Amino acid sequence: MKLLFVCTGNICRSPTAERLAAAWADHRGLVGLDTTSAGTRAMIGSPMEKTAAKVLSSLGGKPESFSGRQLTPAIAADADLILAMTQHHRDAVLRMAPRQLRRTFTLLEAAHLVTSGGARAVTELDTTRALTPRLDDVHMDVPDPIKRNESVFEEVGEQIAAAVVTVLEGLHTIDRP
C-alpha cells in the first residue's frame with residue numbers, strides 16, 4: 001500500500017507523519033507499506049526542519065536522508081491513501097487528482113473515521129465518511145509549527161504520532177499486503 005502524507009513545505013508535518021508511519025511498520029514487521037510525503041509549496045531538496053527532526057527522533061522516527069519534494073498530479077494519483085495535514089492540503093490534492101476523492105482525507109479526519117466510524121480498511125474510510133458526524137474545522141487540521149517555539153513542534157509531533165498510530169492500527173489488519 002502506498003501511503004502519501006501532504007503538507008505545505010514538506011519539511012515538518014508530512015515528513016514527520018511519513019517517518020512515524022515507516023517506523024510503525026518496521027516495528028511490526030509490516031512489509032508492503034510504502035510511506036512517502038510531498039508539499040503543496042515544497043521546499044524542494046531541503047532536509048527536515050531542525051526542530052521537527054529533533055521531535056521526530058524523540059518519537060522514534062528517523063529524519064536522516066529526508067529531502068522535500070513537490071506534490072504533483074502523478075504523485076497523488078499513485079497513492080492508495082492520501083492523508084493531508086489540513087483541509088486546504090486535501091483540497092489541493094483533489095484539484096490535482098480529483099479521482100482520488102475516495103482515498104483522500106485529512107490525517108485527523110481519517111483517525112476520526114477509524115475511532116468513531118469504525119473504518120477498518122481504506123475502502124471503508126470513504127463510506128464511513130458519509131455516515132459519521134463530521135469533525136468541526138478546528139479539529140480537522142494539524143496546525144503548522146513553523147516559526148513557533150519547540151513546545152508547539154512537540155505538541156504537533158505528538159498529535160501526528162497519535163493520529164498515525166490510530167489510522168495504521170485501525171486499518172492494517174485488513175489492508176495488510
# chains A, B, ... in the order shown; residues from 1 in each chain; ligands from 1
>>> residues_around(residues="stretch 32-40 of chain A", least_positions_apart="5", cutoff="6 Å", atoms="only C-alpha atoms", output="ChimeraX atom specification")
/A:1-10,14-15,18,69-71,177
>>> residues_around(residues="stretch 79-94 of chain A", least_positions_apart="2", cutoff="9 Å", atoms="only C-alpha atoms", output="ChimeraX atom specification")
/A:1-8,13-14,39-40,71-77,96-110,122,137,140-144,160
>>> atom_distance(atom1="atom CA of A:Lys50", atom2="atom CA of A:Glu155")
15.5 Å
>>> residues_around(residues="A:Thr16", least_positions_apart="5", cutoff="12 Å", atoms="only C-alpha atoms", output="MDAnalysis selection string")
chainID A and resid 4:7 10:11 21:23 35:38 47:64 66 68 85 142 145 153:154 156:164
>>> select_by_dssp(residues="stretch 22-159 of chain A", states="helix (DSSP H, G or I)", output="VMD selection string")
chain A and resid 22 to 28 50 to 58 73 to 78 87 to 96 98 to 103 107 to 115 122 to 131 137 to 139 150 to 159
>>> atom_distance(atom1="atom CA of A:Thr128", atom2="atom CA of A:Leu113")
6.4 Å
>>> closest_residue(among="A:Asn149, A:Val167, A:Asp78, A:Arg95", to="A:Gly117", atoms="only C-alpha atoms")
A:Val167
>>> atom_distance(atom1="atom CA of A:Leu125", atom2="atom CA of A:Arg19")
22.3 Å
>>> residues_around(residues="A:Val114", least_positions_apart="5", cutoff="7 Å", atoms="only C-alpha atoms", output="list of chain:residue names")
A:Ala119, A:Arg120, A:Val167, A:Gly170
>>> decode(residues="stretch 79-160 of chain A", atoms="C-alpha atoms", output="CSV table (one decimal), in the first residue's frame")
chain,number,residue,atom,x,y,z
A,79,ALA,CA,-1.1,6.8,-3.8
A,80,ASP,CA,-3.5,4.2,-2.3
A,81,LEU,CA,-4.3,6.5,0.6
A,82,ILE,CA,-3.6,10.3,0.9
A,83,LEU,CA,-3.5,11.9,4.4
A,84,ALA,CA,-3.3,15.6,4.3
A,85,MET,CA,-2.4,17.8,7.3
A,86,THR,CA,-5.2,20.3,6.6
A,87,GLN,CA,-8.4,20.7,4.6
A,88,HIS,CA,-6.6,23.1,2.4
A,89,HIS,CA,-4.0,20.5,1.6
A,90,ARG,CA,-6.7,17.9,0.9
A,91,ASP,CA,-8.4,20.3,-1.5
A,92,ALA,CA,-5.1,21.0,-3.2
A,93,VAL,CA,-4.6,17.2,-3.7
A,94,LEU,CA,-8.1,16.9,-5.2
A,95,ARG,CA,-7.6,19.7,-7.6
A,96,MET,CA,-4.6,17.8,-9.0
A,97,ALA,CA,-6.1,14.3,-8.8
A,98,PRO,CA,-9.9,14.5,-8.5
A,99,ARG,CA,-10.2,10.8,-9.0
A,100,GLN,CA,-8.5,10.3,-5.6
A,101,LEU,CA,-11.6,11.7,-3.7
A,102,ARG,CA,-12.4,8.3,-2.1
A,103,ARG,CA,-8.8,7.9,-1.0
A,104,THR,CA,-8.0,11.5,0.3
A,105,PHE,CA,-8.6,12.6,3.9
A,106,THR,CA,-7.1,14.9,6.4
A,107,LEU,CA,-5.0,12.8,8.9
A,108,LEU,CA,-7.2,13.8,11.8
A,109,GLU,CA,-10.4,13.0,9.7
A,110,ALA,CA,-9.1,9.5,8.9
A,111,ALA,CA,-8.2,8.9,12.6
A,112,HIS,CA,-11.8,10.0,13.5
A,113,LEU,CA,-13.3,7.7,10.9
A,114,VAL,CA,-11.4,4.8,12.4
A,115,THR,CA,-12.2,5.6,16.0
A,116,SER,CA,-15.8,6.9,15.7
A,117,GLY,CA,-16.9,5.4,12.4
A,118,GLY,CA,-15.3,2.0,12.7
A,119,ALA,CA,-13.5,2.1,9.4
A,120,ARG,CA,-11.1,-0.9,9.1
A,121,ALA,CA,-9.9,-0.6,5.5
A,122,VAL,CA,-9.0,2.2,3.2
A,123,THR,CA,-12.1,1.3,1.1
A,124,GLU,CA,-14.3,1.8,4.2
A,125,LEU,CA,-12.9,5.3,5.0
A,126,ASP,CA,-15.0,6.9,2.3
A,127,THR,CA,-18.2,5.1,3.0
A,128,THR,CA,-17.7,5.8,6.7
A,129,ARG,CA,-17.2,9.5,6.0
A,130,ALA,CA,-20.8,9.7,4.7
A,131,LEU,CA,-22.2,8.0,7.9
A,132,THR,CA,-20.0,9.6,10.6
A,133,PRO,CA,-20.6,13.0,12.1
A,134,ARG,CA,-18.1,15.4,10.6
A,135,LEU,CA,-15.4,16.9,12.8
A,136,ASP,CA,-15.5,20.7,13.1
A,137,ASP,CA,-13.0,22.7,11.1
A,138,VAL,CA,-10.7,23.3,14.1
A,139,HIS,CA,-10.4,19.5,14.7
A,140,MET,CA,-9.7,18.6,11.0
A,141,ASP,CA,-6.4,20.3,10.7
A,142,VAL,CA,-2.9,19.7,12.2
A,143,PRO,CA,-1.5,23.2,12.9
A,144,ASP,CA,1.7,24.4,11.2
A,145,PRO,CA,4.5,24.7,13.8
A,146,ILE,CA,6.9,26.7,11.5
A,147,LYS,CA,8.4,29.8,13.2
A,148,ARG,CA,6.9,28.7,16.6
A,149,ASN,CA,8.7,27.5,19.7
A,150,GLU,CA,9.8,24.0,20.4
A,151,SER,CA,6.8,23.2,22.6
A,152,VAL,CA,4.5,23.7,19.6
A,153,PHE,CA,6.6,21.4,17.5
A,154,GLU,CA,6.3,18.8,20.3
A,155,GLU,CA,2.5,19.2,20.5
A,156,VAL,CA,2.2,18.9,16.8
A,157,GLY,CA,4.5,15.9,16.7
A,158,GLU,CA,2.5,14.1,19.4
A,159,GLN,CA,-0.8,14.9,17.6
A,160,ILE,CA,0.6,13.5,14.3
